[in-house]
Every structure is written in C-alpha cells, then in structure tokens.
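Chemist: File start-v3.cif below, mmCIF, C-alpha atoms:
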data_start
#
loop_
_atom_site.label_atom_id
_atom_site.label_comp_id
_atom_site.auth_asym_id
_atom_site.auth_seq_id
_atom_site.Cartn_x
_atom_site.Cartn_y
_atom_site.Cartn_z
CA MET A 747 0.00 0.00 0.00
CA THR A 748 1.39 3.41 -0.94
CA PRO A 749 1.44 6.26 1.62
CA GLU A 750 -1.26 7.92 -0.48
CA ASP A 751 -3.59 4.90 -0.17
CA ALA A 752 -2.89 4.63 3.55
CA ASN A 753 -3.68 8.30 3.96
CA ARG A 754 -6.96 7.96 2.08
CA LEU A 755 -8.01 4.99 4.19
CA LEU A 756 -7.16 6.79 7.40
CA GLN A 757 -9.12 9.80 6.24
CA ALA A 758 -12.12 7.66 5.29
CA TYR A 759 -11.93 6.18 8.79
CA ALA A 760 -11.87 9.67 10.36
CA ASP A 761 -14.87 10.64 8.23
CA GLY A 762 -16.81 7.52 9.23
CA GLU A 763 -16.83 6.25 5.65
CA LEU A 764 -15.19 2.85 6.07
CA ASP A 765 -17.28 -0.29 6.14
CA PRO A 766 -17.29 -2.18 9.47
CA ALA A 767 -14.69 -4.75 8.40
CA ALA A 768 -12.26 -2.11 7.19
CA SER A 769 -12.91 -0.04 10.32
CA LEU A 770 -11.94 -2.96 12.50
CA GLU A 771 -8.74 -3.42 10.51
CA MET A 772 -8.01 0.28 10.85
CA GLU A 773 -8.62 0.19 14.61
CA ALA A 774 -6.17 -2.69 14.94
CA ALA A 775 -3.61 -0.78 12.89
CA LEU A 776 -4.19 2.34 15.02
CA ALA A 777 -3.70 0.41 18.24
CA ALA A 778 -0.36 -0.81 16.94
CA SER A 779 1.00 2.46 15.59
CA PRO A 780 1.51 5.71 17.51
CA ALA A 781 2.42 7.47 14.26
CA LEU A 782 -0.92 6.47 12.74
CA ARG A 783 -2.74 7.69 15.86
CA ALA A 784 -0.96 11.01 15.58
CA ALA A 785 -1.92 11.27 11.92
CA LEU A 786 -5.55 10.55 12.81
CA GLY A 787 -5.38 13.23 15.51
CA ARG A 788 -4.15 15.74 12.93
CA ILE A 789 -6.98 14.93 10.52
CA ARG A 790 -9.55 15.28 13.31
CA ALA A 791 -8.05 18.53 14.61
CA MET A 792 -8.12 19.98 11.13
CA SER A 793 -11.69 18.89 10.60
CA ALA A 794 -12.78 20.33 13.95
CA ALA A 795 -10.97 23.60 13.25
CA ILE A 796 -12.71 24.00 9.92
CA ARG A 797 -16.12 23.17 11.32
CA GLU A 798 -15.70 25.56 14.21
CA ASN A 799 -13.96 28.42 12.50
CA ALA A 800 -14.63 28.48 8.78
CA ASP A 801 -17.30 30.92 7.68
CA TYR A 802 -20.66 29.43 6.82
CA HIS A 803 -22.23 31.86 4.40
CA THR A 804 -25.99 31.94 4.79
CA ALA A 805 -28.03 33.23 1.88
CA PRO A 806 -29.17 36.85 2.16
CA ALA A 807 -32.93 37.02 2.72
CA ARG A 808 -33.42 39.19 -0.34
CA LEU A 809 -32.01 36.45 -2.58
CA ALA A 810 -34.83 34.04 -1.78
CA ALA A 811 -37.29 36.86 -2.40
CA GLN A 812 -35.68 37.69 -5.75
CA VAL A 813 -35.80 34.11 -6.95
CA ARG A 814 -39.38 33.78 -5.80
CA ARG A 815 -40.39 36.92 -7.69
CA ALA A 816 -38.66 35.74 -10.85
CA LEU A 817 -40.40 32.40 -10.87
CA PRO A 818 -43.69 32.05 -12.76
CA GLY A 819 -46.91 31.41 -10.86
CA PRO A 820 -48.41 33.44 -8.03
CA ASP A 821 -48.74 30.55 -5.61
CA ARG A 822 -46.19 31.26 -2.91
CA GLN A 823 -47.47 28.47 -0.76
CA ALA A 824 -46.18 26.15 -3.43
CA TRP A 825 -42.68 27.52 -3.00
CA LYS A 826 -41.51 24.51 -1.10
CA MET A 827 -42.76 22.20 -3.79
CA GLN A 828 -41.08 24.33 -6.41
CA TRP A 829 -37.85 23.91 -4.53
CA ARG A 830 -38.18 20.19 -4.77
CA PHE A 831 -38.88 20.45 -8.48
CA ALA A 832 -35.94 22.75 -8.94
CA ALA A 833 -33.78 20.23 -7.17
CA ALA A 834 -35.09 17.40 -9.32
CA ALA A 835 -34.53 19.42 -12.46
CA ALA A 836 -30.87 19.44 -11.62
CA ALA A 837 -30.75 15.95 -13.13
CA VAL A 838 -31.45 17.43 -16.53
CA VAL A 839 -29.48 20.60 -16.14
CA ALA A 840 -26.47 18.95 -14.56
CA ALA A 841 -26.32 16.61 -17.53
CA LEU A 842 -26.62 19.50 -19.96
CA ALA A 843 -24.09 21.60 -18.13
CA VAL A 844 -21.57 18.84 -17.70
CA VAL A 845 -21.41 17.59 -21.30
CA PRO A 846 -19.73 20.64 -22.76
CA PHE A 847 -17.90 21.28 -19.53
CA LEU A 848 -15.81 18.20 -19.07
CA LEU A 849 -17.25 15.38 -21.15
CA ARG A 850 -17.38 13.25 -18.08
CA PRO A 851 -19.15 9.91 -18.12
CA GLY A 852 -22.43 9.51 -16.30
CA GLY A 853 -24.95 6.80 -15.46
CA GLU A 854 -23.62 3.37 -16.14
CA ASP A 855 -20.15 4.74 -16.90
CA ARG A 856 -20.10 6.20 -13.42
CA LEU A 857 -20.83 2.71 -12.17
CA ALA A 858 -18.04 1.31 -14.32
CA ALA A 859 -15.68 3.95 -12.95
CA GLU A 860 -16.72 3.02 -9.43
CA LEU A 861 -16.04 -0.64 -10.14
CA PHE A 862 -12.62 0.10 -11.65
CA ALA A 863 -11.81 2.16 -8.57
CA SER A 864 -13.04 -0.54 -6.22
CA HIS A 865 -11.06 -3.20 -8.06
CA GLY A 866 -8.00 -0.95 -7.94
CA ARG A 867 -8.35 -0.34 -4.22
CA ALA A 868 -8.79 -4.05 -3.53
CA THR A 869 -5.71 -4.84 -5.60
CA VAL A 870 -3.40 -2.30 -4.01
CA GLY A 871 -4.92 -2.48 -0.55
CA GLN A 872 -4.64 -6.26 -0.29
CA ARG A 873 -8.14 -6.40 1.10
CA MET A 874 -9.50 -8.39 -1.75
CA ILE A 875 -10.80 -11.35 0.19
CA ASP A 876 -12.84 -11.40 3.39
CA VAL A 877 -13.61 -15.08 3.26
CA ALA A 878 -10.74 -17.10 1.83
CA SER A 879 -11.82 -20.49 0.60
CA SER A 880 -11.88 -22.49 -2.61
CA ASP A 881 -15.01 -24.24 -1.34
CA LEU A 882 -18.21 -22.75 -2.69
CA HIS A 883 -20.09 -24.23 0.26
CA THR A 884 -18.07 -21.96 2.53
CA VAL A 885 -18.08 -18.85 0.38
CA LYS A 886 -21.75 -18.84 -0.65
CA PRO A 887 -23.28 -19.02 2.86
CA TRP A 888 -20.78 -16.44 4.11
CA LEU A 889 -21.88 -13.97 1.43
CA SER A 890 -25.58 -14.82 1.71
CA ALA A 891 -25.48 -14.10 5.42
CA ARG A 892 -24.20 -10.58 4.75
CA LEU A 893 -26.30 -9.59 1.75
CA PRO A 894 -29.97 -9.14 0.98
CA TYR A 895 -29.59 -11.73 -1.82
CA SER A 896 -27.82 -15.01 -2.39
CA PRO A 897 -25.13 -14.69 -5.04
CA PRO A 898 -24.47 -17.65 -7.36
CA VAL A 899 -21.06 -19.16 -6.65
CA ALA A 900 -19.68 -21.61 -9.20
CA ASP A 901 -16.86 -24.13 -8.87
CA LEU A 902 -14.86 -23.54 -12.03
CA ALA A 903 -11.54 -25.08 -10.93
CA ALA A 904 -11.81 -27.76 -13.61
CA ALA A 905 -12.14 -25.06 -16.25
CA GLY A 906 -9.01 -23.28 -15.01
CA PHE A 907 -10.61 -20.65 -12.77
CA PRO A 908 -10.27 -21.91 -9.19
CA LEU A 909 -12.14 -19.92 -6.55
CA ALA A 910 -9.99 -18.01 -4.05
CA GLY A 911 -12.75 -16.52 -1.90
CA GLY A 912 -15.12 -13.58 -1.71
CA ARG A 913 -15.86 -10.31 -0.03
CA VAL A 914 -18.66 -7.84 0.42
CA ASP A 915 -18.03 -4.49 -1.23
CA TYR A 916 -20.09 -1.32 -1.44
CA VAL A 917 -21.04 -0.25 -4.96
CA ASP A 918 -23.65 2.15 -6.25
CA GLY A 919 -24.91 2.78 -2.74
CA ARG A 920 -25.48 -0.83 -1.70
CA PRO A 921 -23.53 -3.87 -0.47
CA VAL A 922 -22.67 -6.32 -3.23
CA ALA A 923 -20.95 -9.70 -3.52
CA VAL A 924 -17.49 -9.95 -5.03
CA LEU A 925 -16.22 -13.41 -5.94
CA VAL A 926 -12.52 -13.75 -6.44
CA TYR A 927 -11.39 -16.33 -8.96
CA THR A 928 -7.81 -16.99 -9.99
CA ARG A 929 -6.35 -17.58 -13.41
CA ARG A 930 -2.75 -18.77 -13.30
CA LYS A 931 -1.20 -16.11 -11.04
CA HIS A 932 -3.81 -13.46 -11.84
CA THR A 933 -6.98 -12.72 -9.98
CA VAL A 934 -10.38 -12.06 -11.50
CA GLU A 935 -12.99 -10.23 -9.49
CA ALA A 936 -16.64 -10.94 -10.23
CA PHE A 937 -19.04 -8.34 -8.84
CA VAL A 938 -22.54 -9.76 -8.91
CA TRP A 939 -25.94 -8.47 -7.89
CA PRO A 940 -29.58 -8.93 -8.94
CA GLU A 941 -30.59 -6.63 -11.75
CA GLU A 942 -32.87 -6.67 -14.77
CA ARG A 943 -31.34 -8.04 -17.95
CA GLY A 944 -29.25 -5.62 -19.97
CA PRO A 945 -26.89 -5.80 -22.93
CA ALA A 946 -23.43 -7.27 -22.42
CA ARG A 947 -20.54 -4.86 -22.64
CA THR A 948 -16.80 -4.78 -22.36
CA LEU A 949 -14.45 -2.01 -21.32
CA ALA A 950 -10.76 -1.62 -20.67
CA ARG A 951 -8.92 0.94 -18.62
CA ALA A 952 -5.26 1.17 -17.68
CA GLY A 953 -4.55 -2.49 -18.29
CA VAL A 954 -7.67 -3.73 -16.53
CA ASN A 955 -10.36 -5.45 -18.60
CA MET A 956 -14.02 -5.39 -17.69
CA ASP A 957 -16.71 -7.71 -19.00
CA SER A 958 -20.30 -7.20 -17.95
CA PHE A 959 -23.28 -9.41 -18.75
CA SER A 960 -26.61 -10.66 -17.45
CA ALA A 961 -27.26 -14.25 -16.46
CA GLY A 962 -30.54 -15.33 -14.93
CA GLU A 963 -31.60 -12.60 -12.53
CA MET A 964 -28.05 -11.50 -11.92
CA ARG A 965 -25.77 -8.90 -13.44
CA TYR A 966 -22.07 -9.73 -13.46
CA TRP A 967 -19.13 -7.35 -13.73
CA LEU A 968 -15.81 -9.12 -14.20
CA LEU A 969 -12.60 -7.18 -13.70
CA SER A 970 -9.07 -8.42 -14.13
CA ASP A 971 -5.73 -7.86 -15.75
CA VAL A 972 -6.07 -11.12 -17.69
CA SER A 973 -6.87 -10.81 -21.41
CA ALA A 974 -10.31 -9.86 -22.63
CA GLU A 975 -10.58 -13.33 -24.26
CA GLU A 976 -9.96 -15.11 -20.96
CA LEU A 977 -12.47 -12.85 -19.27
CA ARG A 978 -15.04 -13.74 -21.94
CA GLU A 979 -14.30 -17.40 -21.32
CA LEU A 980 -15.07 -16.99 -17.63
CA ALA A 981 -18.17 -14.96 -18.52
CA GLN A 982 -19.48 -17.82 -20.64
CA LEU A 983 -18.78 -20.34 -17.87
CA LEU A 984 -20.57 -18.19 -15.29
CA GLY A 985 -23.45 -17.54 -17.69
CA LYS A 986 -23.99 -21.26 -18.11
CA SER A 987 -23.60 -22.32 -14.50
CA MET B 536 -30.91 27.48 0.07
CA ASP B 537 -28.16 28.21 2.56
CA ALA B 538 -26.20 25.15 1.48
CA ALA B 539 -26.42 26.24 -2.16
CA TYR B 540 -25.41 29.79 -1.30
CA ASN B 541 -22.56 28.68 0.93
CA LEU B 542 -21.09 26.52 -1.85
CA ALA B 543 -21.50 29.29 -4.43
CA ARG B 544 -19.98 31.83 -2.05
CA TRP B 545 -16.93 29.65 -1.38
CA LEU B 546 -16.42 28.87 -5.06
CA THR B 547 -16.80 32.40 -6.38
CA ARG B 548 -15.17 33.89 -3.24
CA ASN B 549 -17.49 36.84 -3.55
CA GLY B 550 -20.96 37.44 -2.13
CA HIS B 551 -22.29 39.46 -5.02
CA ASP B 552 -21.20 36.99 -7.71
CA ALA B 553 -22.48 34.10 -5.62
CA GLU B 554 -25.94 35.67 -5.58
CA ASP B 555 -25.95 36.22 -9.33
CA VAL B 556 -24.76 32.73 -10.17
CA LEU B 557 -27.10 31.10 -7.69
CA GLN B 558 -30.14 33.02 -8.83
CA GLU B 559 -29.52 32.15 -12.46
CA ALA B 560 -28.84 28.50 -11.68
CA LEU B 561 -32.04 28.17 -9.68
CA LEU B 562 -34.19 29.75 -12.34
CA ARG B 563 -32.64 27.52 -14.97
CA ALA B 564 -33.24 24.50 -12.76
CA TYR B 565 -36.86 25.49 -12.43
CA ARG B 566 -37.29 25.88 -16.18
CA PHE B 567 -35.88 22.45 -16.90
CA CYS B 568 -38.01 20.90 -14.22
CA ASP B 569 -39.54 17.65 -15.41
CA GLY B 570 -40.43 15.75 -12.30
CA LEU B 571 -38.92 14.60 -9.06
CA ARG B 572 -36.00 12.25 -9.18
CA GLY B 573 -33.31 11.31 -6.72
CA GLU B 574 -32.35 13.08 -3.56
CA PRO B 575 -32.88 16.84 -3.83
CA ARG B 576 -29.87 18.15 -1.97
CA PRO B 577 -26.96 16.67 -3.93
CA TRP B 578 -28.75 17.45 -7.18
CA LEU B 579 -29.34 21.03 -6.22
CA LEU B 580 -25.76 21.42 -5.12
CA ALA B 581 -24.59 19.78 -8.36
CA ILE B 582 -26.43 22.33 -10.45
CA VAL B 583 -25.11 25.23 -8.39
CA ARG B 584 -21.63 23.79 -8.52
CA ASN B 585 -21.71 23.46 -12.31
CA ALA B 586 -23.02 27.00 -12.65
CA CYS B 587 -20.15 28.22 -10.47
CA PHE B 588 -17.53 26.41 -12.54
CA THR B 589 -19.00 27.77 -15.76
CA TRP B 590 -18.91 31.22 -14.22
CA LEU B 591 -15.31 30.71 -13.07
CA GLN B 592 -14.30 29.60 -16.56
CA GLN B 593 -15.77 32.75 -18.03
CA ASN B 594 -14.78 35.25 -15.38
CA ARG B 595 -11.91 33.86 -13.30
CA PRO B 596 -10.09 31.32 -15.46
CA ALA B 597 -7.01 31.75 -13.28
CA ASP B 598 -8.92 30.27 -10.35
CA LEU B 599 -9.27 26.98 -12.16
CA ALA B 600 -5.57 26.69 -12.90
CA GLY B 601 -3.05 25.26 -10.53
CA GLY B 602 -4.99 22.32 -9.18
CA ASP B 603 -4.70 19.00 -10.91
CA ASP B 604 -5.37 15.58 -9.49
CA ARG B 605 -1.84 14.33 -9.78
CA LEU B 606 -0.88 12.85 -6.50
CA GLU B 607 2.67 13.88 -5.99
CA GLU B 608 3.45 12.71 -2.54
CA GLN B 609 4.61 15.75 -0.64
CA VAL B 610 6.09 14.77 2.63
CA SER B 611 5.21 17.52 5.03
CA PRO B 612 8.31 19.02 6.57
CA ALA B 613 6.97 19.42 10.07
CA GLU B 614 5.06 16.37 11.20
CA GLY B 615 6.61 16.21 14.66
CA PRO B 616 6.72 18.73 17.51
CA GLU B 617 6.08 21.51 15.00
CA ALA B 618 2.69 19.97 14.21
CA LEU B 619 0.06 22.59 14.01
CA ALA B 620 -2.51 23.21 16.67
CA ALA B 621 -5.17 24.17 14.19
CA ARG B 622 -7.76 25.08 16.78
CA GLU B 623 -5.71 27.97 18.07
CA LEU B 624 -5.47 29.59 14.72
CA ASP B 625 -7.12 32.79 13.94
CA ARG B 626 -10.43 32.42 12.14
CA ARG B 627 -9.36 34.85 9.51
CA LEU B 628 -6.20 32.96 8.65
CA LEU B 629 -8.13 29.71 8.31
CA ASN B 630 -10.69 31.28 6.03
CA GLU B 631 -7.97 32.83 3.90
CA ALA B 632 -6.18 29.52 3.65
CA ILE B 633 -9.34 27.74 2.49
CA ALA B 634 -10.09 30.50 -0.01
CA ALA B 635 -6.57 30.12 -1.41
CA LEU B 636 -7.02 26.41 -2.19
CA PRO B 637 -7.54 25.46 -5.86
CA ALA B 638 -11.26 25.31 -6.61
CA GLN B 639 -11.63 21.52 -6.92
CA PHE B 640 -9.96 20.98 -3.56
CA ARG B 641 -11.88 23.84 -1.95
CA GLU B 642 -15.24 22.46 -3.05
CA VAL B 643 -14.75 18.96 -1.64
CA LEU B 644 -13.58 20.44 1.64
CA VAL B 645 -16.59 22.77 1.88
CA LEU B 646 -19.02 19.97 0.98
CA ARG B 647 -17.49 17.59 3.49
CA GLU B 648 -16.79 19.85 6.46
CA LEU B 649 -19.42 22.56 6.15
CA GLU B 650 -22.26 20.66 4.49
CA ASP B 651 -21.39 17.33 6.08
CA LEU B 652 -22.11 15.39 2.89
CA ALA B 653 -21.18 11.71 2.59
CA TYR B 654 -18.49 10.80 0.05
CA LYS B 655 -21.05 9.38 -2.35
CA ASP B 656 -23.06 12.60 -2.30
CA ILE B 657 -19.94 14.69 -2.84
CA ALA B 658 -19.13 12.41 -5.79
CA ARG B 659 -22.55 13.21 -7.26
CA VAL B 660 -22.17 16.93 -6.75
CA VAL B 661 -18.72 17.22 -8.30
CA ASP B 662 -19.37 14.44 -10.86
CA ALA B 663 -16.28 12.41 -10.05
CA PRO B 664 -15.72 8.86 -8.80
CA ILE B 665 -15.58 8.36 -5.04
CA GLY B 666 -11.88 7.47 -5.27
CA THR B 667 -11.20 10.87 -6.82
CA VAL B 668 -13.22 12.57 -4.09
CA MET B 669 -11.14 10.79 -1.47
CA SER B 670 -7.89 11.83 -3.16
CA ARG B 671 -8.97 15.44 -3.51
CA LEU B 672 -10.17 15.61 0.07
CA SER B 673 -6.94 14.12 1.33
CA ARG B 674 -4.97 16.54 -0.83
CA ALA B 675 -7.13 19.48 0.27
CA ARG B 676 -6.53 18.74 3.94
CA ARG B 677 -2.83 18.35 3.40
CA LEU B 678 -2.55 21.57 1.38
CA LEU B 679 -4.51 23.38 4.06
CA ALA B 680 -2.34 22.00 6.85
CA ASP B 681 0.79 23.04 4.94
CA SER B 682 -0.42 26.54 4.20
CA MET B 683 -1.59 27.08 7.78
CA ARG B 684 1.80 26.01 9.02
CA VAL B 685 3.40 28.62 6.77
CA ILE B 686 0.91 31.27 7.77
CA THR B 687 1.29 30.68 11.49
CA ARG B 688 5.01 30.76 11.20
CA ALA B 689 4.83 34.04 9.33
CA ALA B 690 2.29 35.44 11.78
CA ARG B 691 4.10 34.45 14.95
CA PRO B 692 6.68 37.27 15.11
CA GLN B 693 3.94 39.86 14.75
CA VAL B 694 2.08 38.31 17.64
CA HIS B 695 5.09 38.64 19.87
CA GLU B 696 5.83 42.24 19.02
#
Show me this structure written as structure tokens.

Modeler:
Amino acid sequence: MTPEDANRLLQAYADGELDPAASLEMEAALAASPALRAALGRIRAMSAAIRENADYHTAPARLAAQVRRALPGPDRQAWKMQWRFAAAAAAVVAALAVVPFLLRPGGEDRLAAELFASHGRATVGQRMIDVASSDLHTVKPWLSARLPYSPPVADLAAAGFPLAGGRVDYVDGRPVAVLVYTRRKHTVEAFVWPEERGPARTLARAGVNMDSFSAGEMRYWLLSDVSAEELRELAQLLGKS
Amino acid sequence: MDAAYNLARWLTRNGHDAEDVLQEALLRAYRFCDGLRGEPRPWLLAIVRNACFTWLQQNRPADLAGGDDRLEEQVSPAEGPEALAARELDRRLLNEAIAALPAQFREVLVLRELEDLAYKDIARVVDAPIGTVMSRLSRARRLLADSMRVITRAARPQVHE
C-alpha cells in the first residue's frame, strides 16, 4: 500500500466512511502504531478547526425573495414544492451543463468507474478477500449471510478458474458480492448483484479489462488484468452455470 | 438554500457573484423541471456547482488553474513537535487559507466539512468517482495543513511584538 492509499483509508476512517470490516482493521492498525494515531489526531483537529472556525455563508434574505419573484406562478405556498422540483430538475441541467464542460461519463459509466476504482483499491490495498476459501459451500453461505440476496457461486476449478474466496463491497450505494477467482497467477474479481437483464458490454482501462453481462436474474461485472478473451471465457462459464 | 449559497460563495469567493450565479442557476433548474427524481440536496448542489464552474471559466479562469489531481506525494516538513494546533489559529487565517485552495480541492472540503455530505453525495455533486473525491479531500486537507503552518510561522513574530 502506498502512503497515499494509507492516507486515504485513514481519512475515510476519520470521516466515518469505512465499512465495518475495514474499520476494525483500521482500529487494529491504530492500536499498533503511535504514528498512525498522531496522523488521525491531525486529521480530526483539522476537521474540527474548519467546522468551528470556517465561515458558513448563509443566503441573504433578499435572494430568496428575488428568486421567488422571478419564478412564474403566483402561488407562494407552493414555494416549497417548487424547490423540490428545482432540485429534481438538476438531473437534466447537470447533464446538460456537464457535457460541454468536461465530457465526463455519467450513469452506467459512473458505475463502471466506481467498479474500476473498487477493483484498484482491492488490488493495491490487499483487502480483496474477506472469506478465503476455494469451497463454494463456505463462500456462498458467508456472502448470503451478509447480503440481501444469495449470489451464485460456481466451482470452475476444472475449467481453469479456481475460486480463491469472496468479499462484500459497497457499490452504487449498496452492499454487493465480489467473488474472487484466480487464473494462473492473476486474480479475476466478479461483482454480482440482482438486476434486470441488460446488454453485455466490455471495457478496458489502464490495463484492466471489464466484461459485464446478465445471467438469470443476476448482473455480473468481471474485472481483471487477464486478457479480454480469458475474461469472456469466464463470462461464458458463469453464464452457463 | 443556505447550502447552495454557501457553496457558491466559497467557489466564487465573492458574495455578489455568488448571488448572481445562484439566482440564475435556480431559475434555470426550475425551467428544466420535469419531475422529481433522486435526492434533492446533492442534485441542487450539483447544479449550483456546475453553474459556479462555468462562471469561473468565463470570469476567473485563473482560479481553475493550478490544481490537478496528480498525487505527488509531498512529505510535510513538520510532522513532529512543529505539528500545528489548528484550533488555536485565527479564524481569519483559516478562512484565507481555504479560499486560497484550488477550486476543486476547496469544493470537496466545503461539501465535506461545512455541508457534512457523505463521500457518495460529494461524488454526485462534483461528478467524479468516489476514489477521486477521497484523493482530492486528502490533498485538500494536506494543502490546508501546509499553508496554515506557513501562515502561522509568518504570523508568529507579529504576535510577539
């Protein structure tokens, strides 16, 4: 783990953004390291200083009045509703404003970006596997007990993809199952959750291939540094099983 | 409304411009209104944020320079006994130091510390992956700590005079 990754994890811990398993790991690391405790103290002191001392600029009263006057419709009682509509409209406007601004991906591409990031963190952070076992009868109940659904776990050792274990990750605002298969010395992560059927797609970023497809009621996202062909092979095996 | 104004005020660094940008953004949001979707607050902040960046591009392009996401690891020179006691610092110095941060670091700091948004909501507002939000926040805090250390050191002799 690079100092940058360690710093980000520590910060996420200070902000209460780590999942329970990672928090426990962090607490163990903190107990063992005075330097880490000092670093945490610095982050918290900084945070407290900003919250206590930085200016919070409240909107001038006349601004609300100006906006209200400029809006169509005489019904001022409906102002609160209009606020909610205005907020909702941000979906449209944000999309319109962002396209010329940065050409950033949205929607499913945001999800793909999140998955690439999660895969990257797992790879560098060595926190890829919470339950290490090649036995699907160990991995599947472990995951089912921690998720609102029961992910399919296949034994593909005979086909050259032995199971190494699994973990629960947090993607798109919900906990999801990640199965970790191995291919020679490489690992392949399979994110899987229930979702309506959608078209298969492949992506590649910075040497990591992604293959996404629907099988049964599940959507799979495979990520690995193995070749796109090998990923497709695993996709077909998982789709059949 | 306050959250939207606070973000606009911190990004434009100017009360008058913040009002103009915010008013225009809200009216535009209203015009495009086509139903209720998602959580209102991050969406509203996203629209205000985009309006601010468009405004900055047109009126203060220099403000958008100087902050990229490259993560050069800067080892802070004074991690030990010199470590800052941020609480004791003058309000004014802290506010100046935040205002001096590059815009994309300033915004994540304001959204996290002053609006208390979760990482995933910040990611929606600034339209970046959560990993990027974490990096920028970490960088923002480090830049702030470094600049405060410089400011306090510079300010100390005056205090003693």

Chemist: For the structure provided, state which residues fall under the PyMOL selection byres ((chain A and resi 799) around 9), and present them as an NGL selection string.

Modeler: (:A and (794-798 or 800-802)) or (:B and (622 or 624-627 or 629-630))

Chemist: Tell me which residues the PyMOL selection byres ((chain A and resi 783-785) around 10) grabs here, as a ChimeraX atom specification.

Modeler: /A:753,756-757,773,775-782,786-791 /B:614-615,618

Chemist: Just checking: using all atoms listed in the file, which residue out of B:Thr547, B:Asn585, B:Leu580, B:Leu646 ends up closest to Asp598 of chain B?

Modeler: B:Thr547

Chemist: Find the distance between atom CA of Val934 of chain A and atom CA of Ala961 of chain A and write it in Å to one decimal.

Modeler: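 Those two atoms sit 17.7 Å apart.
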
Chemist: Could you check the closest approach to Ile875 of chain A for each of A:Leu977, A:Ala952, A:Leu969, A:Ala767 and tell me which residue wins, using only C-alpha atoms?

Modeler: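 Of the candidates, the smallest distance to Ile875 of chain A is held by A:Ala767.
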
Chemist: Which value, in Å to one decimal, gives the distance between atom CA of Asp552 of chain B and atom CA of Val685 of chain B?

Modeler: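 Answer for the atom CA of Asp552 of chain B to atom CA of Val685 of chain B separation: 29.7 Å.
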
Chemist: Starting from the PyMOL selection byres ((chain A and resi 905) around 10), expand the selection into actual residues of this file and give them as a PDB file with C-alpha atoms, in the coordinates of the input.

Modeler:
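Below is the file expr.pdb, written as the result:
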ATOM      1  CA  ASP A 901     -16.860 -24.130  -8.870  1.00  0.00           C
ATOM      2  CA  LEU A 902     -14.860 -23.540 -12.030  1.00  0.00           C
ATOM      3  CA  ALA A 903     -11.540 -25.080 -10.930  1.00  0.00           C
ATOM      4  CA  ALA A 904     -11.810 -27.760 -13.610  1.00  0.00           C
ATOM      5  CA  GLY A 906      -9.010 -23.280 -15.010  1.00  0.00           C
ATOM      6  CA  PHE A 907     -10.610 -20.650 -12.770  1.00  0.00           C
ATOM      7  CA  PRO A 908     -10.270 -21.910  -9.190  1.00  0.00           C
ATOM      8  CA  ARG A 929      -6.350 -17.580 -13.410  1.00  0.00           C
ATOM      9  CA  GLU A 979     -14.300 -17.400 -21.320  1.00  0.00           C
ATOM     10  CA  LEU A 980     -15.070 -16.990 -17.630  1.00  0.00           C
ATOM     11  CA  LEU A 983     -18.780 -20.340 -17.870  1.00  0.00           C
TER      12      LEU A 983
END

Chemist: Which of these, A:Ala810, A:Glu763, A:Val922, A:Gly953, has the shortest distance to Pro897 of chain A once you count all atoms listed in the file?

Modeler: A:Val922

Chemist: At a cut-off of 12 Å, using all atoms listed in the file, what residues contact Asn549 of chain B? Leave out same-chain residues fewer than 5 positions from it and give the result as a VMD selection string.

Modeler: (chain A and resid 803) or (chain B and resid 540 to 544 554 to 557 587 591 595 634)

Chemist: Between B:Leu599, B:Leu579, B:Ala632, B:Arg677, which has the minimum distance to chain A (counting only C-alpha atoms)?

Modeler: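 Answer, going by the shortest atom-to-atom distance: B:Leu579.
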
Chemist: For atom CA of Arg641 of chain B and atom CA of Asp761 of chain A, quote the distance in Å rounded to one decimal.

Modeler: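 Atom CA of Asp761 of chain A lies at a distance of 16.9 Å from atom CA of Arg641 of chain B.
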
Chemist: Restricting the calculation to only C-alpha atoms, which member of B:Leu678, B:Val643, B:Ile657, B:Ala663 is positioned closest to chain A?

Modeler: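 Looking only at the distances to chain A, the closest residue turns out to be B:Ala663.
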
Chemist: Name the residues in contact with Glu935 of chain A at a cut-off of 6 Å, using only C-alpha atoms, excluding same-chain residues fewer than 2 positions from it; report them as a VMD selection string.

Modeler: chain A and resid 925 to 926 968 to 969

Chemist: Write out as a list in words which residues come within 7 Å of Val660 of chain B when counting all atoms listed in the file, dropping same-chain ones fewer than 4 positions away.

Modeler: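 Contacts, with the query itself left out: Pro577, Trp578, Leu580, Ala581 and Asp656 of chain B.
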
Chemist: Using all atoms listed in the file, which of A:Ala946, A:Met772, A:Met792, A:Ala936 sits nearest Ala680 of chain B?

Modeler: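 Ranking A:Ala946, A:Met772, A:Met792, A:Ala936 by distance to Ala680 of chain B, first place goes to A:Met792.
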
Chemist: Just the residues within 12 Å of Leu861 of chain A, please, counting only C-alpha atoms, with nothing from its chain fewer than 2 positions along; format it as a ChimeraX atom specification.

Modeler: /A:854-859,863-868,915-918,922,924,935-938,949-951,954-958,966-970 /B:664-666
